[in-house]
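Everything below belongs to query-v4.cif, which stores mmCIF, C-alpha atoms.
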```cif
data_data
loop_
_atom_site.label_atom_id
_atom_site.label_comp_id
_atom_site.auth_asym_id
_atom_site.auth_seq_id
_atom_site.Cartn_x
_atom_site.Cartn_y
_atom_site.Cartn_z
CA MET A 23 0.00 0.00 0.00
CA ALA A 24 3.00 2.25 0.43
CA ASN A 25 3.44 2.04 -3.32
CA ALA A 26 -0.18 2.93 -3.90
CA ASN A 27 0.09 5.99 -1.75
CA TYR A 28 3.26 7.06 -3.51
CA ALA A 29 1.64 6.63 -6.90
CA PHE A 30 -1.39 8.60 -5.86
CA ALA A 31 0.70 11.42 -4.47
CA ALA A 32 3.00 11.38 -7.49
CA LEU A 33 0.10 11.89 -9.88
CA ALA A 34 -1.65 14.52 -7.79
CA ASP A 35 0.49 17.18 -9.43
CA PRO A 36 -0.87 18.31 -12.85
CA THR A 37 2.55 18.83 -14.44
CA ARG A 38 3.72 15.44 -13.27
CA ARG A 39 0.56 13.92 -14.69
CA ALA A 40 1.29 15.65 -18.00
CA VAL A 41 4.81 14.18 -17.98
CA PHE A 42 3.39 10.74 -17.21
CA GLU A 43 0.81 10.99 -20.01
CA ARG A 44 3.52 11.90 -22.49
CA LEU A 45 5.49 8.83 -21.47
CA ALA A 46 2.36 6.76 -22.01
CA ARG A 47 2.79 7.47 -25.73
CA GLY A 48 6.31 6.08 -25.77
CA PRO A 49 9.78 6.35 -24.21
CA ARG A 50 11.21 9.87 -24.17
CA ALA A 51 14.39 11.62 -23.07
CA VAL A 52 14.15 14.49 -20.60
CA GLY A 53 14.73 17.10 -23.30
CA GLU A 54 11.90 15.76 -25.47
CA LEU A 55 9.57 15.71 -22.48
CA ALA A 56 10.40 19.29 -21.55
CA LYS A 57 9.48 20.55 -25.04
CA GLY A 58 5.91 21.77 -25.03
CA LEU A 59 5.61 21.80 -21.26
CA PRO A 60 5.52 25.14 -19.48
CA VAL A 61 8.27 24.12 -17.08
CA SER A 62 12.05 24.04 -17.16
CA ARG A 63 14.08 20.98 -17.95
CA PRO A 64 15.41 20.66 -14.39
CA ALA A 65 11.79 20.79 -13.18
CA VAL A 66 10.90 17.93 -15.55
CA SER A 67 13.85 15.96 -14.15
CA GLN A 68 12.50 16.53 -10.65
CA HIS A 69 9.06 15.29 -11.67
CA LEU A 70 10.59 12.21 -13.30
CA ALA A 71 12.50 11.47 -10.11
CA VAL A 72 9.24 11.48 -8.16
CA LEU A 73 7.48 9.27 -10.73
CA LYS A 74 10.42 6.88 -10.59
CA GLU A 75 10.34 6.80 -6.81
CA ALA A 76 6.64 5.91 -7.02
CA GLY A 77 7.42 3.00 -9.35
CA LEU A 78 5.48 4.51 -12.24
CA VAL A 79 8.38 5.04 -14.61
CA LYS A 80 11.86 3.65 -15.09
CA ASP A 81 14.88 4.93 -16.97
CA HIS A 82 17.96 3.74 -18.78
CA ALA A 83 21.01 5.37 -20.31
CA ASP A 84 21.11 5.75 -24.08
CA GLY A 85 24.54 7.21 -24.82
CA THR A 86 24.64 10.50 -22.98
CA ARG A 87 20.84 10.70 -22.74
CA ARG A 88 18.62 9.26 -20.06
CA VAL A 89 15.48 7.76 -21.57
CA TYR A 90 12.35 7.33 -19.47
CA ARG A 91 9.45 4.97 -20.02
CA ILE A 92 6.40 3.79 -18.13
CA ASP A 93 7.37 0.92 -15.88
CA PRO A 94 5.71 -2.15 -17.42
CA ALA A 95 5.51 -3.68 -13.93
CA GLY A 96 3.18 -0.87 -13.03
CA LEU A 97 0.23 -2.57 -14.66
CA GLY A 98 -2.17 -0.05 -13.23
CA ALA A 99 -0.46 2.57 -15.33
CA LEU A 100 -0.79 0.46 -18.42
CA ARG A 101 -4.44 -0.25 -17.84
CA ALA A 102 -5.15 3.41 -17.21
CA TRP A 103 -3.39 4.25 -20.43
CA LEU A 104 -5.40 1.68 -22.39
CA ASP A 105 -8.59 3.06 -20.86
CA ARG A 106 -7.86 6.49 -22.28
CA PHE A 107 -6.42 5.07 -25.48
CA TRP A 108 -9.69 3.29 -26.34
CA ASP A 109 -11.75 6.32 -25.39
CA SER A 110 -9.90 8.47 -27.87
CA SER A 111 -9.72 5.73 -30.53
CA LEU A 112 -13.46 5.05 -30.45
CA ALA A 113 -14.16 8.78 -30.56
CA SER A 114 -12.01 9.02 -33.67
CA PHE A 115 -13.76 5.98 -35.21
CA LYS A 116 -17.18 7.54 -34.62
CA ALA A 117 -16.14 10.95 -35.96
CA GLU A 118 -14.60 9.59 -39.19
CA LEU A 119 -17.45 7.17 -39.90
CA GLU A 120 -20.15 9.78 -39.37
CA ALA A 121 -18.23 12.38 -41.40
CA GLU A 122 -18.10 9.95 -44.32
CA ILE A 123 -21.83 9.24 -44.07
CA ARG A 124 -22.65 12.96 -43.93
CA ALA A 125 -20.50 13.57 -47.01
CA GLU A 126 -22.37 10.83 -48.92
CA LYS A 127 -25.74 12.33 -48.06
CA GLN A 128 -24.66 15.74 -49.31
CA SER A 129 -23.33 14.48 -52.65
CA MET B 26 -4.34 -22.14 -2.49
CA THR B 27 -2.88 -19.58 -4.81
CA ARG B 28 -5.04 -16.60 -5.35
CA THR B 29 -4.45 -14.96 -8.68
CA ILE B 30 -5.37 -11.35 -9.03
CA VAL B 31 -6.14 -10.29 -12.56
CA PRO B 32 -6.82 -6.80 -13.81
CA ALA B 33 -10.34 -6.06 -14.97
CA PRO B 34 -10.83 -5.77 -18.73
CA VAL B 35 -11.03 -2.30 -20.19
CA ARG B 36 -14.59 -1.84 -21.52
CA LYS B 37 -15.81 0.96 -23.74
CA ALA B 38 -18.85 1.66 -25.88
CA VAL B 39 -19.89 4.25 -28.39
CA GLU B 40 -23.02 4.72 -30.50
CA VAL B 41 -22.63 5.57 -34.16
CA GLY B 42 -25.12 6.67 -36.81
CA ALA B 43 -24.62 3.69 -39.12
CA SER B 44 -25.83 0.12 -39.57
CA PRO B 45 -23.82 -2.71 -37.98
CA ASP B 46 -22.72 -3.76 -41.48
CA ARG B 47 -21.37 -0.35 -42.23
CA ALA B 48 -19.81 0.12 -38.78
CA PHE B 49 -18.12 -3.29 -38.92
CA ALA B 50 -16.73 -2.63 -42.40
CA PHE B 51 -15.47 0.81 -41.46
CA PHE B 52 -13.91 -0.45 -38.25
CA THR B 53 -12.03 -3.35 -39.83
CA ALA B 54 -11.44 -2.54 -43.51
CA ARG B 55 -10.85 1.20 -43.11
CA MET B 56 -8.84 1.24 -39.92
CA GLY B 57 -6.15 3.39 -41.52
CA ARG B 58 -8.77 6.08 -42.01
CA TRP B 59 -9.78 6.42 -38.38
CA TRP B 60 -6.85 5.10 -36.29
CA ARG B 61 -5.26 8.15 -34.77
CA PRO B 62 -2.00 9.09 -36.49
CA ASP B 63 -0.33 9.80 -33.15
CA HIS B 64 -0.98 6.19 -32.18
CA SER B 65 1.63 4.75 -34.50
CA LEU B 66 4.53 2.35 -33.99
CA LEU B 67 6.28 3.22 -37.24
CA ASP B 68 9.00 5.28 -35.53
CA GLY B 69 8.08 8.50 -37.26
CA LEU B 70 7.64 7.08 -40.78
CA PRO B 71 4.47 8.33 -42.51
CA ARG B 72 1.68 5.77 -42.26
CA ALA B 73 0.00 4.39 -45.36
CA ASP B 74 -2.58 2.15 -43.72
CA VAL B 75 -3.64 -0.03 -40.81
CA VAL B 76 -4.65 -3.45 -42.10
CA VAL B 77 -6.84 -6.16 -40.61
CA GLU B 78 -6.83 -9.17 -42.93
CA PRO B 79 -10.48 -10.29 -43.03
CA ARG B 80 -10.23 -13.89 -41.84
CA VAL B 81 -9.37 -15.93 -38.76
CA GLY B 82 -5.58 -15.97 -38.51
CA GLY B 83 -5.30 -12.84 -40.65
CA ARG B 84 -2.61 -10.35 -39.73
CA TRP B 85 -3.23 -7.01 -38.06
CA TYR B 86 -0.48 -4.57 -38.92
CA GLU B 87 0.50 -1.04 -39.72
CA ARG B 88 2.18 -0.17 -43.02
CA ALA B 89 4.34 2.86 -43.76
CA THR B 90 4.38 4.70 -47.09
CA ASP B 91 7.82 3.21 -47.81
CA GLY B 92 6.31 -0.29 -47.55
CA SER B 93 7.77 -1.25 -44.19
CA GLU B 94 5.38 -2.96 -41.81
CA CYS B 95 4.89 -3.22 -38.09
CA ASN B 96 2.88 -6.12 -36.69
CA TRP B 97 0.24 -5.41 -34.08
CA GLY B 98 -1.48 -8.78 -33.79
CA LYS B 99 -3.87 -11.10 -35.58
CA VAL B 100 -7.52 -12.01 -36.09
CA LEU B 101 -8.79 -14.57 -33.56
CA GLU B 102 -12.49 -14.59 -34.48
CA TRP B 103 -14.17 -13.14 -37.54
CA GLU B 104 -17.98 -12.90 -37.45
CA PRO B 105 -19.15 -9.95 -39.55
CA PRO B 106 -21.14 -7.87 -38.97
CA GLY B 107 -21.67 -8.65 -35.29
CA ARG B 108 -18.31 -9.37 -33.79
CA VAL B 109 -14.58 -9.54 -34.26
CA VAL B 110 -11.87 -10.61 -31.83
CA LEU B 111 -8.34 -9.40 -32.41
CA ALA B 112 -5.17 -10.41 -30.61
CA TRP B 113 -3.32 -7.30 -29.44
CA GLN B 114 0.29 -8.53 -29.30
CA LEU B 115 2.09 -5.41 -28.22
CA ASP B 116 3.89 -5.54 -24.91
CA ALA B 117 4.00 -2.87 -22.25
CA ASP B 118 6.78 -1.14 -24.21
CA TRP B 119 4.63 -1.26 -27.38
CA ARG B 120 6.83 -3.83 -29.08
CA TYR B 121 5.31 -6.72 -31.02
CA ASP B 122 5.67 -10.02 -29.18
CA PRO B 123 4.30 -13.08 -31.03
CA ASP B 124 4.10 -14.99 -27.74
CA LEU B 125 1.93 -12.36 -26.06
CA ILE B 126 -1.81 -12.37 -26.58
CA THR B 127 -4.22 -9.91 -25.07
CA GLU B 128 -7.71 -10.01 -26.52
CA LEU B 129 -9.65 -7.19 -28.07
CA GLU B 130 -13.29 -8.01 -28.75
CA ILE B 131 -15.48 -5.56 -30.65
CA ARG B 132 -19.25 -6.14 -30.92
CA PHE B 133 -21.61 -4.27 -33.22
CA VAL B 134 -25.16 -4.20 -31.88
CA ALA B 135 -28.06 -2.61 -33.78
CA VAL B 136 -30.00 -0.27 -31.49
CA ALA B 137 -32.23 1.42 -34.10
CA GLU B 138 -32.47 2.00 -37.83
CA SER B 139 -28.96 3.01 -38.92
CA ARG B 140 -27.77 3.18 -35.35
CA THR B 141 -25.22 0.82 -33.83
CA ARG B 142 -23.71 0.43 -30.41
CA VAL B 143 -20.03 -0.47 -30.73
CA GLU B 144 -18.82 -2.30 -27.63
CA LEU B 145 -15.13 -2.83 -27.08
CA GLU B 146 -13.45 -5.03 -24.51
CA HIS B 147 -9.68 -5.30 -24.07
CA ARG B 148 -9.08 -8.30 -21.81
CA LYS B 149 -6.51 -10.80 -20.58
CA LEU B 150 -4.39 -7.86 -19.55
CA GLU B 151 -2.74 -10.15 -17.01
CA ASN B 152 -0.83 -11.62 -19.96
CA PHE B 153 1.30 -8.51 -20.01
CA GLY B 154 3.36 -10.74 -17.79
CA VAL B 155 3.45 -9.08 -14.45
CA ARG B 156 4.00 -11.03 -11.29
CA ALA B 157 0.97 -11.33 -9.04
CA GLU B 158 2.35 -9.16 -6.28
CA GLU B 159 3.21 -6.40 -8.68
CA ILE B 160 -0.28 -6.61 -10.11
CA ARG B 161 -1.74 -6.39 -6.63
CA ALA B 162 0.29 -3.28 -5.84
CA ALA B 163 -0.53 -1.75 -9.18
CA LEU B 164 -4.24 -2.41 -8.83
CA ASP B 165 -4.29 -0.94 -5.36
CA SER B 166 -2.78 2.19 -6.77
CA TYR B 167 -4.96 1.96 -9.88
CA ASN B 168 -8.13 2.42 -7.88
CA ALA B 169 -6.61 5.32 -6.05
CA TRP B 170 -5.29 7.31 -8.92
CA GLN B 171 -7.58 6.36 -11.77
CA GLY B 172 -10.14 8.59 -10.11
CA GLY B 173 -7.56 11.33 -10.20
CA LEU B 174 -6.86 10.89 -13.89
CA GLU B 175 -10.55 10.89 -14.74
CA ARG B 176 -11.05 14.05 -12.76
CA PHE B 177 -8.07 15.54 -14.55
CA ALA B 178 -9.68 14.74 -17.90
CA GLU B 179 -12.95 16.34 -16.79
CA LEU B 180 -11.17 19.48 -15.70
CA ALA B 181 -9.16 19.59 -18.89
CA ASP B 182 -12.38 19.25 -20.94
CA ARG B 183 -14.04 22.03 -18.96
CA GLU B 184 -11.10 24.32 -19.60
CA ALA B 185 -10.89 23.49 -23.29
#
```

Just dump the structure as structure tokens.
Amino acid sequence: MANANYAFAALADPTRRAVFERLARGPRAVGELAKGLPVSRPAVSQHLAVLKEAGLVKDHADGTRRVYRIDPAGLGALRAWLDRFWDSSLASFKAELEAEIRAEKQS
Amino acid sequence: MTRTIVPAPVRKAVEVGASPDRAFAFFTARMGRWWRPDHSLLDGLPRADVVVEPRVGGRWYERATDGSECNWGKVLEWEPPGRVVLAWQLDADWRYDPDLITELEIRFVAVAESRTRVELEHRKLENFGVRAEEIRAALDSYNAWQGGLERFAELADREA
């Protein structure tokens, strides 16, 4: 349960959640993660350290870069990601299908 | 006695303004049209299509414009226009693993004239190969912070 509490606390911060969601799309180096976020690179590193401490992400060295990814052992993270993934995928499916049908009716 | 804790399937549903026939065909044969471009495993190569070969055992893969392919899984059950079951064979790092099978079932249920409820279930998530204790810890935390993520999404939507 210590882990659970850590994870909960780690994701309570909106910026940290944004970092985590970006990692859900694939492994990223710190610099890539910092791009597009309204915080400094050192701040992103801090957030990553907290996520790592909570067991939500892990890292490895790739040359001089440190690449972070969602920890596959954190299955809760994976399931949460899939939950959102299918939400957005089905929304896209519905939108494209209905757009095509509307276009046919107009022609 | 060993107690195995398995994660609940992810279940989703959406209603679309089309017949089950049409919805099934669009879902399977036109996946490249609606699958989000940011959900790609082609390492930045432009995507040409997402293909589901229409038969049991058929491949499910993504193809880039240069012809290279990336496997996602295969067709386990093919019952147009009501139901299809795909094997999602991507591991937790989104790499294709032929030995991994998680199941994705999609059902197309007519609810009215030209109206279909599309029900999706992604199950056997335990096959992602996590030890039981890790699953237990993850699920404990899942319940705690999933609520947080959902609330985050609501807030984000409200602000958008």

Residue with smallest distance to Glu118 in chain A - pool B:Lys37, B:Arg55, B:Phe49, B:Ala135, counting only C-alpha atoms: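 That would be B:Arg55, the residue with the smallest distance to Glu118 in chain A.
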
Distance of CA of Arg39 in chain A from CA of Val52 in chain A, expressed in Å to one decimal place: 14.8 Å

Counting only C-alpha atoms, the option among B:Glu138, B:Asp68, B:Glu104, B:Glu128 closest to Leu150 in chain B: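 Smallest distance to Leu150 in chain B is found for B:Glu128.
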
Nearest candidate to chain A (options B:Arg47, B:Arg88, B:Lys99, B:Arg132; using all atoms listed in the file):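 Nearest candidate to chain A out of B:Arg47, B:Arg88, B:Lys99, B:Arg132: B:Arg47.
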
Å distance separating CA of Gly85 in chain A from CA of Ser62 in chain A, one decimal place: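 Interatomic distance, CA of Gly85 in chain A to CA of Ser62 in chain A: 22.3 Å.
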
Grab all the atoms of range 57-71 of chain A that the file lists, wrap them in a box along x, y and z, add 5 Å per side, and give me centre plus edge lengths in Å (one decimal) as JSON.
```
{"center_x": 10.5, "center_y": 18.3, "center_z": -17.6, "size_x": 19.9, "size_y": 23.7, "size_z": 24.9}
```

Closest of B:Arg84, B:Ala50, B:Arg61, B:Trp97 to Asp109 in chain A - atom-to-atom distances counting all atoms listed in the file: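 Closest candidate: B:Arg61.
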
CA of His82 in chain A to CA of Pro36 in chain A, straight-line distance in Å: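 If I compute the distance from CA of Pro36 in chain A to CA of His82 in chain A, I get 24.5 Å.
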
Reference answer for the PyMOL selection byres ((chain B and resi 146) around 10), as a PyMOL selection string: (chain A and resi 108) or (chain B and resi 34-38+110+128-132+144-145+147-149)

Explicit residue set for the PyMOL selection byres ((chain A and resi 56) around 12), as a list of chain:residue names: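 When the PyMOL selection byres ((chain A and resi 56) around 12) is applied, the selected residues are A:Thr37, A:Arg38, A:Ala40, A:Val41, A:Phe42, A:Arg44, A:Leu45, A:Arg50, A:Ala51, A:Val52, A:Gly53, A:Glu54, A:Leu55, A:Lys57, A:Gly58, A:Leu59, A:Pro60, A:Val61, A:Ser62, A:Arg63, A:Pro64, A:Ala65, A:Val66, A:Ser67, A:Gln68, A:His69, A:Leu70.
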
Go ahead and save the residues from that selection, with C-alpha atoms, as a PDB file, keeping the file's coordinate frame.
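Everything below was put into result.pdb:
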```pdb
ATOM      1  CA  THR A  37       2.550  18.830 -14.440  1.00  0.00           C
ATOM      2  CA  ARG A  38       3.720  15.440 -13.270  1.00  0.00           C
ATOM      3  CA  ALA A  40       1.290  15.650 -18.000  1.00  0.00           C
ATOM      4  CA  VAL A  41       4.810  14.180 -17.980  1.00  0.00           C
ATOM      5  CA  PHE A  42       3.390  10.740 -17.210  1.00  0.00           C
ATOM      6  CA  ARG A  44       3.520  11.900 -22.490  1.00  0.00           C
ATOM      7  CA  LEU A  45       5.490   8.830 -21.470  1.00  0.00           C
ATOM      8  CA  ARG A  50      11.210   9.870 -24.170  1.00  0.00           C
ATOM      9  CA  ALA A  51      14.390  11.620 -23.070  1.00  0.00           C
ATOM     10  CA  VAL A  52      14.150  14.490 -20.600  1.00  0.00           C
ATOM     11  CA  GLY A  53      14.730  17.100 -23.300  1.00  0.00           C
ATOM     12  CA  GLU A  54      11.900  15.760 -25.470  1.00  0.00           C
ATOM     13  CA  LEU A  55       9.570  15.710 -22.480  1.00  0.00           C
ATOM     14  CA  LYS A  57       9.480  20.550 -25.040  1.00  0.00           C
ATOM     15  CA  GLY A  58       5.910  21.770 -25.030  1.00  0.00           C
ATOM     16  CA  LEU A  59       5.610  21.800 -21.260  1.00  0.00           C
ATOM     17  CA  PRO A  60       5.520  25.140 -19.480  1.00  0.00           C
ATOM     18  CA  VAL A  61       8.270  24.120 -17.080  1.00  0.00           C
ATOM     19  CA  SER A  62      12.050  24.040 -17.160  1.00  0.00           C
ATOM     20  CA  ARG A  63      14.080  20.980 -17.950  1.00  0.00           C
ATOM     21  CA  PRO A  64      15.410  20.660 -14.390  1.00  0.00           C
ATOM     22  CA  ALA A  65      11.790  20.790 -13.180  1.00  0.00           C
ATOM     23  CA  VAL A  66      10.900  17.930 -15.550  1.00  0.00           C
ATOM     24  CA  SER A  67      13.850  15.960 -14.150  1.00  0.00           C
ATOM     25  CA  GLN A  68      12.500  16.530 -10.650  1.00  0.00           C
ATOM     26  CA  HIS A  69       9.060  15.290 -11.670  1.00  0.00           C
ATOM     27  CA  LEU A  70      10.590  12.210 -13.300  1.00  0.00           C
TER      28      LEU A  70
END
```

Shell around range 44-46 of chain B at 8 Å using only C-alpha atoms, local window under 5 positions removed, as a PyMOL selection string: chain B and resi 105-107+133-135+138-141

Answer key for the PyMOL selection byres ((chain B and resi 92) around 12), residues as a list in words: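 For this structure, the PyMOL selection byres ((chain B and resi 92) around 12) resolves to Leu67, Leu70, Pro71, Arg72, Ala73, Asp74, Tyr86, Glu87, Arg88, Ala89, Thr90, Asp91, Ser93, Glu94 and Cys95 of chain B.
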
Take the residues from that selection and write them out as a CSV table (one decimal), in the frame of the given file, keeping C-alpha atoms.
```
chain,number,residue,atom,x,y,z
B,67,LEU,CA,6.3,3.2,-37.2
B,70,LEU,CA,7.6,7.1,-40.8
B,71,PRO,CA,4.5,8.3,-42.5
B,72,ARG,CA,1.7,5.8,-42.3
B,73,ALA,CA,0.0,4.4,-45.4
B,74,ASP,CA,-2.6,2.2,-43.7
B,86,TYR,CA,-0.5,-4.6,-38.9
B,87,GLU,CA,0.5,-1.0,-39.7
B,88,ARG,CA,2.2,-0.2,-43.0
B,89,ALA,CA,4.3,2.9,-43.8
B,90,THR,CA,4.4,4.7,-47.1
B,91,ASP,CA,7.8,3.2,-47.8
B,93,SER,CA,7.8,-1.2,-44.2
B,94,GLU,CA,5.4,-3.0,-41.8
B,95,CYS,CA,4.9,-3.2,-38.1
```
